[in-house]
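For reference, the structure discussed in these notes is given below.
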Amino acid sequence: MQKNLIHFSGDDFWNSNPHSRYHMVKSWHSMGYKILWLNPIGHRFPSISKKGFSKRIIRKLKSYTKFLKKVDDNFYVYTPFLIPKFSKGFLQIVNLFLLKFQVSILKIFLSLKKPLFFITTPMFGDALKISHSKSIYYYSDKYTSYRELSAENKKYMENLDKQLYQNADLICCASKNIYNDIKKLTVQPVIYIPHVVNFKYFNDALGDKYIPKDIIDISKPIVGYYGTLTKSTDWEIIEYCVKERPNYNYVLIGRDEVNYEGLKNLKNIIFLGKKDFKEIPHYGKMFDVCISPFIQEEWIQNSSPLKIKEYLSLEKPVVSTYIEEVQKLYSQIVYIAKDKFEFLNYIDLNIKKPNKEKIELGKELVKLESWDNVVRELNATLKN
């Protein structure tokens, strides 16, 4: 009998870096599930004054123009058409009707009988009112603590979040902090499953002779980072390190959502822009030190950075700002800095003489991990 899954996603399939929820859905697909990926409906209309406004609108419009698209056998992607107003009231009722209608049509068209719902954003909180077999609500982050939420958006999202953690058949948390918080708020089953990594995908790049053209001529040592560049990135630390060590090259890879014109004038920081996920390991292998510089805000402290495990799979020394989950899981492996001075000191230390024991310990920690095992655990828990 065909197994079906609808992913109510927090990531736009066409425009986002592959996150944990992407890897989990791909694992379900590899196990024979027919997949319908629903792109996010958002939690606010983009600010016109914010950098990248026009690009965001264009990306969203492009997603709409793809309509329902088959990307693989039994794997479809669709962007729901909803009214871009995100607050409780009459329009929420209208949007629920529109969502139900579109999902119902797609279920019939794609023969998605008794689908498993995999929900990865509270903005789809009303989805549980649509017919399904079982449901999983997945916290990869503490969504309601995002800094860009207005008071109205935050309250609306908290109500949807509550609907999900009180009614989903299973709640899965990627960090221990989130697990401890949600466990107190619901009688539903809650499990803690930290991010894992496709070790082979990253590690294989080390033996590959291919080097991307735009990094091959950048002189060593290279201090590297990849990921979306946002206000959550600790730009103070980056600027301090770049200015203090002009003999190091700092390579930042990812879509930029902030203004950093002052840094662009410095010769030893190179912004390479967003890259396809399949290219990332090849860039990462060129780094001498990998960095994870994030500011101290609530949603960051409740996160479990997948990037750390990807860096460890690349067999690179890792320097990070303090994140509670990183401290708990990787304190013997990752260099965790309390301020910009210590952050730079750890970079210096690893440029001069990387600690091979830490690198090997990190490799051993992640090399047997598998997203398939995570999905099997979720399926087994749902059956119990």
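Labels used: A, B, ... for chains in the order of the structure tokens, numbers from 1 for residues in each chain, and numbers from 1 for ligands as shown.
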
Quick one: everything within 10 Å of range 163-169 of chain A, counting only C-alpha atoms, minus sequence neighbours fewer than 2 positions away in the same chain. Send it as a PDB file with all heavy atoms, in the first residue's frame.
ATOM      1  N   PHE A 117       1.069  13.925   8.095  1.00  0.00           N
ATOM      2  CA  PHE A 117       1.381  15.347   8.048  1.00  0.00           C
ATOM      3  C   PHE A 117       2.683  15.599   8.803  1.00  0.00           C
ATOM      4  O   PHE A 117       2.816  15.222   9.977  1.00  0.00           O
ATOM      5  CB  PHE A 117       0.266  16.191   8.688  1.00  0.00           C
ATOM      6  CG  PHE A 117      -0.923  16.431   7.793  1.00  0.00           C
ATOM      7  CD1 PHE A 117      -1.049  15.814   6.550  1.00  0.00           C
ATOM      8  CD2 PHE A 117      -1.942  17.293   8.201  1.00  0.00           C
ATOM      9  CE1 PHE A 117      -2.146  16.032   5.725  1.00  0.00           C
ATOM     10  CE2 PHE A 117      -3.041  17.531   7.389  1.00  0.00           C
ATOM     11  CZ  PHE A 117      -3.150  16.899   6.157  1.00  0.00           C
ATOM     12  N   PHE A 118       3.620  16.244   8.133  1.00  0.00           N
ATOM     13  CA  PHE A 118       4.885  16.634   8.753  1.00  0.00           C
ATOM     14  C   PHE A 118       4.933  18.163   8.699  1.00  0.00           C
ATOM     15  O   PHE A 118       5.098  18.760   7.636  1.00  0.00           O
ATOM     16  CB  PHE A 118       6.059  16.024   7.986  1.00  0.00           C
ATOM     17  CG  PHE A 118       7.415  16.322   8.573  1.00  0.00           C
ATOM     18  CD1 PHE A 118       7.693  16.066   9.905  1.00  0.00           C
ATOM     19  CD2 PHE A 118       8.439  16.833   7.775  1.00  0.00           C
ATOM     20  CE1 PHE A 118       8.943  16.327  10.451  1.00  0.00           C
ATOM     21  CE2 PHE A 118       9.693  17.099   8.295  1.00  0.00           C
ATOM     22  CZ  PHE A 118       9.946  16.836   9.628  1.00  0.00           C
ATOM     23  N   ILE A 119       4.739  18.804   9.858  1.00  0.00           N
ATOM     24  CA  ILE A 119       4.574  20.256   9.934  1.00  0.00           C
ATOM     25  C   ILE A 119       5.808  20.869  10.580  1.00  0.00           C
ATOM     26  O   ILE A 119       6.178  20.504  11.702  1.00  0.00           O
ATOM     27  CB  ILE A 119       3.307  20.613  10.726  1.00  0.00           C
ATOM     28  CG1 ILE A 119       2.086  19.933  10.081  1.00  0.00           C
ATOM     29  CG2 ILE A 119       3.104  22.127  10.782  1.00  0.00           C
ATOM     30  CD1 ILE A 119       0.805  20.052  10.883  1.00  0.00           C
ATOM     31  N   THR A 121       6.485  24.438  10.643  1.00  0.00           N
ATOM     32  CA  THR A 121       6.321  25.848  10.971  1.00  0.00           C
ATOM     33  C   THR A 121       4.948  26.050  11.600  1.00  0.00           C
ATOM     34  O   THR A 121       3.968  25.463  11.131  1.00  0.00           O
ATOM     35  CB  THR A 121       6.450  26.761   9.732  1.00  0.00           C
ATOM     36  OG1 THR A 121       6.020  28.095  10.074  1.00  0.00           O
ATOM     37  CG2 THR A 121       5.592  26.260   8.581  1.00  0.00           C
ATOM     38  N   PRO A 122       4.850  26.862  12.653  1.00  0.00           N
ATOM     39  CA  PRO A 122       3.543  27.087  13.277  1.00  0.00           C
ATOM     40  C   PRO A 122       2.560  27.814  12.368  1.00  0.00           C
ATOM     41  O   PRO A 122       1.356  27.799  12.626  1.00  0.00           O
ATOM     42  CB  PRO A 122       3.871  27.936  14.509  1.00  0.00           C
ATOM     43  CG  PRO A 122       5.199  28.522  14.236  1.00  0.00           C
ATOM     44  CD  PRO A 122       5.930  27.549  13.380  1.00  0.00           C
ATOM     45  N   MET A 123       3.039  28.431  11.298  1.00  0.00           N
ATOM     46  CA  MET A 123       2.131  29.137  10.403  1.00  0.00           C
ATOM     47  C   MET A 123       1.141  28.190   9.734  1.00  0.00           C
ATOM     48  O   MET A 123       0.122  28.624   9.200  1.00  0.00           O
ATOM     49  CB  MET A 123       2.917  29.922   9.347  1.00  0.00           C
ATOM     50  CG  MET A 123       3.754  31.049   9.925  1.00  0.00           C
ATOM     51  SD  MET A 123       2.836  32.133  11.062  1.00  0.00           S
ATOM     52  CE  MET A 123       1.623  32.828   9.944  1.00  0.00           C
ATOM     53  N   PHE A 124       1.422  26.899   9.769  1.00  0.00           N
ATOM     54  CA  PHE A 124       0.477  25.903   9.265  1.00  0.00           C
ATOM     55  C   PHE A 124      -0.300  25.252  10.413  1.00  0.00           C
ATOM     56  O   PHE A 124      -0.718  24.101  10.317  1.00  0.00           O
ATOM     57  CB  PHE A 124       1.210  24.829   8.460  1.00  0.00           C
ATOM     58  CG  PHE A 124       1.533  25.233   7.042  1.00  0.00           C
ATOM     59  CD1 PHE A 124       2.851  25.350   6.621  1.00  0.00           C
ATOM     60  CD2 PHE A 124       0.523  25.485   6.134  1.00  0.00           C
ATOM     61  CE1 PHE A 124       3.156  25.704   5.315  1.00  0.00           C
ATOM     62  CE2 PHE A 124       0.814  25.838   4.816  1.00  0.00           C
ATOM     63  CZ  PHE A 124       2.131  25.955   4.414  1.00  0.00           C
ATOM     64  N   GLY A 125      -0.488  25.997  11.503  1.00  0.00           N
ATOM     65  CA  GLY A 125      -1.184  25.454  12.662  1.00  0.00           C
ATOM     66  C   GLY A 125      -2.584  24.961  12.362  1.00  0.00           C
ATOM     67  O   GLY A 125      -3.075  24.011  12.988  1.00  0.00           O
ATOM     68  N   ASP A 126      -3.251  25.584  11.396  1.00  0.00           N
ATOM     69  CA  ASP A 126      -4.615  25.173  11.042  1.00  0.00           C
ATOM     70  C   ASP A 126      -4.647  23.900  10.213  1.00  0.00           C
ATOM     71  O   ASP A 126      -5.726  23.362   9.943  1.00  0.00           O
ATOM     72  CB  ASP A 126      -5.324  26.296  10.275  1.00  0.00           C
ATOM     73  CG  ASP A 126      -5.707  27.459  11.185  1.00  0.00           C
ATOM     74  OD1 ASP A 126      -6.019  27.205  12.361  1.00  0.00           O
ATOM     75  OD2 ASP A 126      -5.704  28.615  10.714  1.00  0.00           O
ATOM     76  N   ALA A 127      -3.502  23.417   9.790  1.00  0.00           N
ATOM     77  CA  ALA A 127      -3.467  22.238   8.919  1.00  0.00           C
ATOM     78  C   ALA A 127      -4.045  20.997   9.585  1.00  0.00           C
ATOM     79  O   ALA A 127      -4.559  20.100   8.909  1.00  0.00           O
ATOM     80  CB  ALA A 127      -2.028  21.960   8.474  1.00  0.00           C
ATOM     81  N   LEU A 128      -3.977  20.936  10.918  1.00  0.00           N
ATOM     82  CA  LEU A 128      -4.496  19.748  11.608  1.00  0.00           C
ATOM     83  C   LEU A 128      -6.005  19.616  11.462  1.00  0.00           C
ATOM     84  O   LEU A 128      -6.567  18.558  11.779  1.00  0.00           O
ATOM     85  CB  LEU A 128      -4.116  19.797  13.092  1.00  0.00           C
ATOM     86  CG  LEU A 128      -2.620  19.652  13.407  1.00  0.00           C
ATOM     87  CD1 LEU A 128      -2.401  19.653  14.909  1.00  0.00           C
ATOM     88  CD2 LEU A 128      -2.044  18.387  12.794  1.00  0.00           C
ATOM     89  N   SER A 133      -3.901  11.068   8.491  1.00  0.00           N
ATOM     90  CA  SER A 133      -3.791   9.878   9.342  1.00  0.00           C
ATOM     91  C   SER A 133      -3.122  10.238  10.659  1.00  0.00           C
ATOM     92  O   SER A 133      -3.751  10.284  11.716  1.00  0.00           O
ATOM     93  CB  SER A 133      -3.009   8.773   8.621  1.00  0.00           C
ATOM     94  OG  SER A 133      -1.712   9.218   8.261  1.00  0.00           O
ATOM     95  N   LYS A 134      -1.822  10.550  10.615  1.00  0.00           N
ATOM     96  CA  LYS A 134      -1.062  10.953  11.797  1.00  0.00           C
ATOM     97  C   LYS A 134      -0.355  12.276  11.500  1.00  0.00           C
ATOM     98  O   LYS A 134      -0.228  12.688  10.346  1.00  0.00           O
ATOM     99  CB  LYS A 134      -0.019   9.892  12.158  1.00  0.00           C
ATOM    100  CG  LYS A 134      -0.596   8.547  12.573  1.00  0.00           C
ATOM    101  CD  LYS A 134      -1.086   8.573  14.008  1.00  0.00           C
ATOM    102  CE  LYS A 134      -1.476   7.174  14.468  1.00  0.00           C
ATOM    103  NZ  LYS A 134      -1.873   7.152  15.890  1.00  0.00           N
ATOM    104  N   SER A 135       0.136  12.919  12.562  1.00  0.00           N
ATOM    105  CA  SER A 135       0.816  14.206  12.365  1.00  0.00           C
ATOM    106  C   SER A 135       2.038  14.316  13.267  1.00  0.00           C
ATOM    107  O   SER A 135       2.036  13.857  14.410  1.00  0.00           O
ATOM    108  CB  SER A 135      -0.137  15.366  12.647  1.00  0.00           C
ATOM    109  OG  SER A 135      -0.638  15.297  13.966  1.00  0.00           O
ATOM    110  N   ILE A 136       3.081  14.938  12.712  1.00  0.00           N
ATOM    111  CA  ILE A 136       4.304  15.232  13.452  1.00  0.00           C
ATOM    112  C   ILE A 136       4.546  16.734  13.382  1.00  0.00           C
ATOM    113  O   ILE A 136       4.512  17.325  12.308  1.00  0.00           O
ATOM    114  CB  ILE A 136       5.520  14.500  12.858  1.00  0.00           C
ATOM    115  CG1 ILE A 136       5.323  12.981  12.896  1.00  0.00           C
ATOM    116  CG2 ILE A 136       6.799  14.893  13.601  1.00  0.00           C
ATOM    117  CD1 ILE A 136       6.406  12.214  12.149  1.00  0.00           C
ATOM    118  N   TYR A 137       4.770  17.343  14.529  1.00  0.00           N
ATOM    119  CA  TYR A 137       5.150  18.752  14.578  1.00  0.00           C
ATOM    120  C   TYR A 137       6.619  18.798  14.965  1.00  0.00           C
ATOM    121  O   TYR A 137       7.007  18.338  16.038  1.00  0.00           O
ATOM    122  CB  TYR A 137       4.296  19.513  15.586  1.00  0.00           C
ATOM    123  CG  TYR A 137       4.588  20.996  15.679  1.00  0.00           C
ATOM    124  CD1 TYR A 137       5.017  21.731  14.582  1.00  0.00           C
ATOM    125  CD2 TYR A 137       4.413  21.681  16.883  1.00  0.00           C
ATOM    126  CE1 TYR A 137       5.275  23.090  14.675  1.00  0.00           C
ATOM    127  CE2 TYR A 137       4.657  23.041  16.987  1.00  0.00           C
ATOM    128  CZ  TYR A 137       5.087  23.745  15.878  1.00  0.00           C
ATOM    129  OH  TYR A 137       5.339  25.086  15.971  1.00  0.00           O
ATOM    130  N   TYR A 138       7.431  19.366  14.090  1.00  0.00           N
ATOM    131  CA  TYR A 138       8.875  19.332  14.263  1.00  0.00           C
ATOM    132  C   TYR A 138       9.420  20.729  14.585  1.00  0.00           C
ATOM    133  O   TYR A 138       9.255  21.667  13.814  1.00  0.00           O
ATOM    134  CB  TYR A 138       9.533  18.804  12.993  1.00  0.00           C
ATOM    135  CG  TYR A 138      11.040  18.792  13.010  1.00  0.00           C
ATOM    136  CD1 TYR A 138      11.735  18.172  14.046  1.00  0.00           C
ATOM    137  CD2 TYR A 138      11.779  19.389  11.986  1.00  0.00           C
ATOM    138  CE1 TYR A 138      13.119  18.158  14.052  1.00  0.00           C
ATOM    139  CE2 TYR A 138      13.161  19.371  11.985  1.00  0.00           C
ATOM    140  CZ  TYR A 138      13.827  18.754  13.032  1.00  0.00           C
ATOM    141  OH  TYR A 138      15.193  18.736  13.049  1.00  0.00           O
ATOM    142  N   TYR A 139      10.071  20.833  15.752  1.00  0.00           N
ATOM    143  CA  TYR A 139      10.748  22.064  16.155  1.00  0.00           C
ATOM    144  C   TYR A 139      12.233  21.952  15.820  1.00  0.00           C
ATOM    145  O   TYR A 139      12.998  21.358  16.558  1.00  0.00           O
ATOM    146  CB  TYR A 139      10.641  22.267  17.663  1.00  0.00           C
ATOM    147  CG  TYR A 139       9.339  22.773  18.203  1.00  0.00           C
ATOM    148  CD1 TYR A 139       8.362  21.884  18.628  1.00  0.00           C
ATOM    149  CD2 TYR A 139       9.084  24.134  18.326  1.00  0.00           C
ATOM    150  CE1 TYR A 139       7.162  22.334  19.168  1.00  0.00           C
ATOM    151  CE2 TYR A 139       7.894  24.600  18.854  1.00  0.00           C
ATOM    152  CZ  TYR A 139       6.936  23.691  19.279  1.00  0.00           C
ATOM    153  OH  TYR A 139       5.762  24.153  19.806  1.00  0.00           O
ATOM    154  N   MET A 157       1.347  33.803  16.005  1.00  0.00           N
ATOM    155  CA  MET A 157       2.150  32.594  15.849  1.00  0.00           C
ATOM    156  C   MET A 157       2.098  31.729  17.109  1.00  0.00           C
ATOM    157  O   MET A 157       2.063  30.495  17.027  1.00  0.00           O
ATOM    158  CB  MET A 157       3.605  32.951  15.521  1.00  0.00           C
ATOM    159  CG  MET A 157       4.448  31.737  15.170  1.00  0.00           C
ATOM    160  SD  MET A 157       6.155  32.133  14.731  1.00  0.00           S
ATOM    161  CE  MET A 157       5.946  32.737  13.063  1.00  0.00           C
ATOM    162  N   GLU A 158       2.078  32.343  18.272  1.00  0.00           N
ATOM    163  CA  GLU A 158       1.989  31.579  19.524  1.00  0.00           C
ATOM    164  C   GLU A 158       0.684  30.788  19.597  1.00  0.00           C
ATOM    165  O   GLU A 158       0.667  29.642  20.076  1.00  0.00           O
ATOM    166  CB  GLU A 158       2.111  32.512  20.720  1.00  0.00           C
ATOM    167  CG  GLU A 158       3.532  33.018  20.953  1.00  0.00           C
ATOM    168  CD  GLU A 158       3.605  34.074  22.045  1.00  0.00           C
ATOM    169  OE1 GLU A 158       2.555  34.627  22.432  1.00  0.00           O
ATOM    170  OE2 GLU A 158       4.728  34.340  22.521  1.00  0.00           O
ATOM    171  N   ASN A 159      -0.421  31.365  19.116  1.00  0.00           N
ATOM    172  CA  ASN A 159      -1.704  30.652  19.103  1.00  0.00           C
ATOM    173  C   ASN A 159      -1.658  29.447  18.170  1.00  0.00           C
ATOM    174  O   ASN A 159      -2.151  28.362  18.509  1.00  0.00           O
ATOM    175  CB  ASN A 159      -2.834  31.603  18.674  1.00  0.00           C
ATOM    176  CG  ASN A 159      -3.167  32.626  19.740  1.00  0.00           C
ATOM    177  OD1 ASN A 159      -2.970  32.379  20.929  1.00  0.00           O
ATOM    178  ND2 ASN A 159      -3.667  33.785  19.337  1.00  0.00           N
ATOM    179  N   LEU A 160      -1.059  29.625  16.993  1.00  0.00           N
ATOM    180  CA  LEU A 160      -0.938  28.517  16.050  1.00  0.00           C
ATOM    181  C   LEU A 160       0.011  27.445  16.585  1.00  0.00           C
ATOM    182  O   LEU A 160      -0.236  26.238  16.440  1.00  0.00           O
ATOM    183  CB  LEU A 160      -0.438  29.038  14.702  1.00  0.00           C
ATOM    184  CG  LEU A 160      -1.391  29.970  13.944  1.00  0.00           C
ATOM    185  CD1 LEU A 160      -0.703  30.543  12.712  1.00  0.00           C
ATOM    186  CD2 LEU A 160      -2.662  29.241  13.549  1.00  0.00           C
ATOM    187  N   ASP A 161       1.091  27.890  17.189  1.00  0.00           N
ATOM    188  CA  ASP A 161       2.058  26.982  17.800  1.00  0.00           C
ATOM    189  C   ASP A 161       1.375  26.112  18.864  1.00  0.00           C
ATOM    190  O   ASP A 161       1.570  24.891  18.921  1.00  0.00           O
ATOM    191  CB  ASP A 161       3.176  27.818  18.425  1.00  0.00           C
ATOM    192  CG  ASP A 161       4.300  26.983  19.006  1.00  0.00           C
ATOM    193  OD1 ASP A 161       4.790  26.081  18.315  1.00  0.00           O
ATOM    194  OD2 ASP A 161       4.686  27.237  20.160  1.00  0.00           O
ATOM    195  N   ILE A 171       5.388  15.311  18.831  1.00  0.00           N
ATOM    196  CA  ILE A 171       6.173  16.540  18.750  1.00  0.00           C
ATOM    197  C   ILE A 171       7.638  16.152  18.851  1.00  0.00           C
ATOM    198  O   ILE A 171       8.051  15.452  19.780  1.00  0.00           O
ATOM    199  CB  ILE A 171       5.802  17.541  19.861  1.00  0.00           C
ATOM    200  CG1 ILE A 171       4.347  18.007  19.706  1.00  0.00           C
ATOM    201  CG2 ILE A 171       6.703  18.761  19.802  1.00  0.00           C
ATOM    202  CD1 ILE A 171       3.352  17.243  20.505  1.00  0.00           C
ATOM    203  N   CYS A 172       8.411  16.598  17.874  1.00  0.00           N
ATOM    204  CA  CYS A 172       9.837  16.270  17.805  1.00  0.00           C
ATOM    205  C   CYS A 172      10.647  17.552  17.968  1.00  0.00           C
ATOM    206  O   CYS A 172      10.389  18.555  17.286  1.00  0.00           O
ATOM    207  CB  CYS A 172      10.139  15.610  16.465  1.00  0.00           C
ATOM    208  SG  CYS A 172      11.868  15.213  16.206  1.00  0.00           S
ATOM    209  N   ILE A 182       8.639  22.379  25.849  1.00  0.00           N
ATOM    210  CA  ILE A 182       7.402  21.837  25.275  1.00  0.00           C
ATOM    211  C   ILE A 182       6.854  20.695  26.119  1.00  0.00           C
ATOM    212  O   ILE A 182       5.633  20.525  26.244  1.00  0.00           O
ATOM    213  CB  ILE A 182       7.641  21.376  23.824  1.00  0.00           C
ATOM    214  CG1 ILE A 182       8.091  22.554  22.956  1.00  0.00           C
ATOM    215  CG2 ILE A 182       6.379  20.741  23.232  1.00  0.00           C
ATOM    216  CD1 ILE A 182       7.109  23.709  22.936  1.00  0.00           C
ATOM    217  N   LYS A 183       7.733  19.941  26.740  1.00  0.00           N
ATOM    218  CA  LYS A 183       7.307  18.815  27.583  1.00  0.00           C
ATOM    219  C   LYS A 183       6.365  19.283  28.692  1.00  0.00           C
ATOM    220  O   LYS A 183       5.461  18.547  29.114  1.00  0.00           O
ATOM    221  CB  LYS A 183       8.555  18.151  28.184  1.00  0.00           C
ATOM    222  CG  LYS A 183       8.313  16.817  28.865  1.00  0.00           C
ATOM    223  CD  LYS A 183       8.108  15.702  27.853  1.00  0.00           C
ATOM    224  CE  LYS A 183       7.998  14.362  28.569  1.00  0.00           C
ATOM    225  NZ  LYS A 183       7.580  13.292  27.651  1.00  0.00           N
ATOM    226  N   LEU A 185       4.222  21.708  28.431  1.00  0.00           N
ATOM    227  CA  LEU A 185       3.044  22.380  27.898  1.00  0.00           C
ATOM    228  C   LEU A 185       2.011  21.455  27.263  1.00  0.00           C
ATOM    229  O   LEU A 185       0.931  21.912  26.881  1.00  0.00           O
ATOM    230  CB  LEU A 185       3.481  23.430  26.847  1.00  0.00           C
ATOM    231  CG  LEU A 185       4.408  24.537  27.336  1.00  0.00           C
ATOM    232  CD1 LEU A 185       4.874  25.393  26.160  1.00  0.00           C
ATOM    233  CD2 LEU A 185       3.703  25.400  28.371  1.00  0.00           C
ATOM    234  N   THR A 186       2.329  20.176  27.146  1.00  0.00           N
ATOM    235  CA  THR A 186       1.421  19.290  26.425  1.00  0.00           C
ATOM    236  C   THR A 186       1.412  17.882  27.022  1.00  0.00           C
ATOM    237  O   THR A 186       2.391  17.463  27.665  1.00  0.00           O
ATOM    238  CB  THR A 186       1.822  19.207  24.938  1.00  0.00           C
ATOM    239  OG1 THR A 186       0.890  18.388  24.225  1.00  0.00           O
ATOM    240  CG2 THR A 186       3.226  18.630  24.764  1.00  0.00           C
ATOM    241  N   VAL A 187       0.320  17.186  26.796  1.00  0.00           N
ATOM    242  CA  VAL A 187       0.241  15.786  27.205  1.00  0.00           C
ATOM    243  C   VAL A 187       0.571  14.877  26.034  1.00  0.00           C
ATOM    244  O   VAL A 187       0.635  13.647  26.186  1.00  0.00           O
ATOM    245  CB  VAL A 187      -1.172  15.451  27.744  1.00  0.00           C
ATOM    246  CG1 VAL A 187      -1.464  16.246  29.000  1.00  0.00           C
ATOM    247  CG2 VAL A 187      -2.253  15.695  26.683  1.00  0.00           C
ATOM    248  N   GLN A 188       0.778  15.456  24.859  1.00  0.00           N
ATOM    249  CA  GLN A 188       1.130  14.673  23.665  1.00  0.00           C
ATOM    250  C   GLN A 188       2.562  14.154  23.783  1.00  0.00           C
ATOM    251  O   GLN A 188       3.389  14.735  24.499  1.00  0.00           O
ATOM    252  CB  GLN A 188       0.975  15.535  22.407  1.00  0.00           C
ATOM    253  CG  GLN A 188      -0.432  16.073  22.167  1.00  0.00           C
ATOM    254  CD  GLN A 188      -1.450  14.963  21.995  1.00  0.00           C
ATOM    255  OE1 GLN A 188      -2.078  14.528  22.965  1.00  0.00           O
ATOM    256  NE2 GLN A 188      -1.598  14.475  20.780  1.00  0.00           N
ATOM    257  N   PRO A 189       2.879  13.074  23.069  1.00  0.00           N
ATOM    258  CA  PRO A 189       4.252  12.542  23.102  1.00  0.00           C
ATOM    259  C   PRO A 189       5.263  13.557  22.558  1.00  0.00           C
ATOM    260  O   PRO A 189       5.040  14.145  21.496  1.00  0.00           O
ATOM    261  CB  PRO A 189       4.178  11.310  22.188  1.00  0.00           C
ATOM    262  CG  PRO A 189       2.735  10.959  22.097  1.00  0.00           C
ATOM    263  CD  PRO A 189       1.984  12.240  22.244  1.00  0.00           C
ATOM    264  N   VAL A 190       6.330  13.769  23.300  1.00  0.00           N
ATOM    265  CA  VAL A 190       7.387  14.692  22.886  1.00  0.00           C
ATOM    266  C   VAL A 190       8.711  13.950  22.924  1.00  0.00           C
ATOM    267  O   VAL A 190       9.034  13.296  23.920  1.00  0.00           O
ATOM    268  CB  VAL A 190       7.467  15.922  23.824  1.00  0.00           C
ATOM    269  CG1 VAL A 190       8.524  16.906  23.321  1.00  0.00           C
ATOM    270  CG2 VAL A 190       6.117  16.605  23.949  1.00  0.00           C
ATOM    271  N   THR A 381       7.944   5.510  16.689  1.00  0.00           N
ATOM    272  CA  THR A 381       7.288   6.177  17.817  1.00  0.00           C
ATOM    273  C   THR A 381       5.809   6.412  17.522  1.00  0.00           C
ATOM    274  O   THR A 381       4.970   6.265  18.412  1.00  0.00           O
ATOM    275  CB  THR A 381       7.988   7.514  18.127  1.00  0.00           C
ATOM    276  OG1 THR A 381       9.384   7.281  18.353  1.00  0.00           O
ATOM    277  CG2 THR A 381       7.389   8.160  19.365  1.00  0.00           C
ATOM    278  N   LEU A 382       5.485   6.768  16.307  1.00  0.00           N
ATOM    279  CA  LEU A 382       4.090   7.005  15.916  1.00  0.00           C
ATOM    280  C   LEU A 382       3.249   5.734  16.022  1.00  0.00           C
ATOM    281  O   LEU A 382       2.078   5.768  16.360  1.00  0.00           O
ATOM    282  CB  LEU A 382       4.011   7.533  14.478  1.00  0.00           C
ATOM    283  CG  LEU A 382       4.179   9.037  14.280  1.00  0.00           C
ATOM    284  CD1 LEU A 382       4.138   9.369  12.813  1.00  0.00           C
ATOM    285  CD2 LEU A 382       3.110   9.817  15.027  1.00  0.00           C
TER     286      LEU A 382
END

Would you please extract all strand (DSSP E) residues from range 144-328 of chain A, as assigned by DSSP on the backbone, and give them as a PyMOL selection string? chain A and resi 170-173+190-192+222-226+249-253+269-273+289-292+318-321

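Excluding Lys209 in chain A itself and any same-chain residue fewer than 5 positions from it, the protein and nucleic acid residues within 12 Å of it, counting only C-alpha atoms, are Asp204, Ile216, His282, Tyr283, Lys285 and Met286 of chain A.
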
Next item on the list: Extract, using only C-alpha atoms, all DNA, RNA and protein residues at most 7 Å from Tyr226 in chain A, discarding same-chain residues fewer than 3 positions from it, and format them as a ChimeraX atom specification.
Entry: /A:252-254

Can you spit out the residues from that selection as a compact mmCIF listing (two decimals), in the first residue's frame, using N, CA, C and O atoms?
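In the end it all went to out_24.txt:
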# COMPACT_ATOMS: atom_id res chain seq x y z
N LEU A 252 32.92 34.24 3.25
CA LEU A 252 31.53 34.06 3.68
C LEU A 252 30.68 33.66 2.49
O LEU A 252 30.67 34.34 1.46
N ILE A 253 29.97 32.55 2.64
CA ILE A 253 29.16 32.00 1.56
C ILE A 253 27.70 31.97 2.00
O ILE A 253 27.39 31.45 3.08
N GLY A 254 26.81 32.52 1.19
CA GLY A 254 25.40 32.47 1.53
C GLY A 254 24.65 33.70 1.07
O GLY A 254 25.25 34.74 0.78

Residues within 12 Å of Leu329 in chain A, please, as a list of chain:residue names. Count only C-alpha atoms; anything in the same chain fewer than 3 positions from it doesn't count.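 After dropping sequence-adjacent residues, the list is A:Ser175, A:Lys176, A:Pro194, A:His195, A:Ser304, A:Pro305, A:Leu306, A:Ile308, A:Lys309, A:Ile323, A:Glu324, A:Glu325, A:Val326, A:Gln332, A:Ile333, A:Val334, A:Ile336, A:Gly362, A:Leu365, A:Val366.
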
- Message: Just want the 10 Å neighbourhood of Ser27 in chain A, counted on only C-alpha atoms, with same-chain residues fewer than 2 positions away dropped. Output as a list in words.
- Response: Arg21, Tyr22, His23, Met24, Val25, His29, Ser30, Met31, Gly32, Tyr33, Ser370, Trp371, Asp372, Asn373, Val374, Val375 and Arg376 of chain A

Open item on the list: Just checking: using only C-alpha atoms, which residue out of A:Ser232, A:Gln327, A:Ser20, A:Asn355 ends up closest to Ile193 in chain A?
Closed with: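 Checking each of A:Ser232, A:Gln327, A:Ser20, A:Asn355 against Ile193 in chain A, counting only C-alpha atoms, the winner is A:Ser20.
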
Check your understanding: Counting only C-alpha atoms, which of A:Asp181, A:Glu360, A:Glu152, A:Glu279 gets nearest to Asp208 in chain A?
Key ->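 Of A:Asp181, A:Glu360, A:Glu152, A:Glu279, the one nearest Asp208 in chain A is A:Glu279, counting only C-alpha atoms.
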
In terms of only C-alpha atoms, the residue from A:Ile178, A:Val318, A:Met1, A:Ile93 at minimal distance from Pro293 in chain A is A:Val318

* Any chance you could list, as a ChimeraX atom specification, the residues in range 160-324 of chain A that come up alpha helix (DSSP H) when DSSP is run on the backbone? => /A:160-167,176-183,199-203,213-216,235-244,261-264,280-284,298-301,306-313,324

Interatomic distance (Å, one decimal) between CA of Ser292 in chain A and CA of Lys356 in chain A: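 Separating CA of Ser292 in chain A from CA of Lys356 in chain A is a distance of 19.5 Å.
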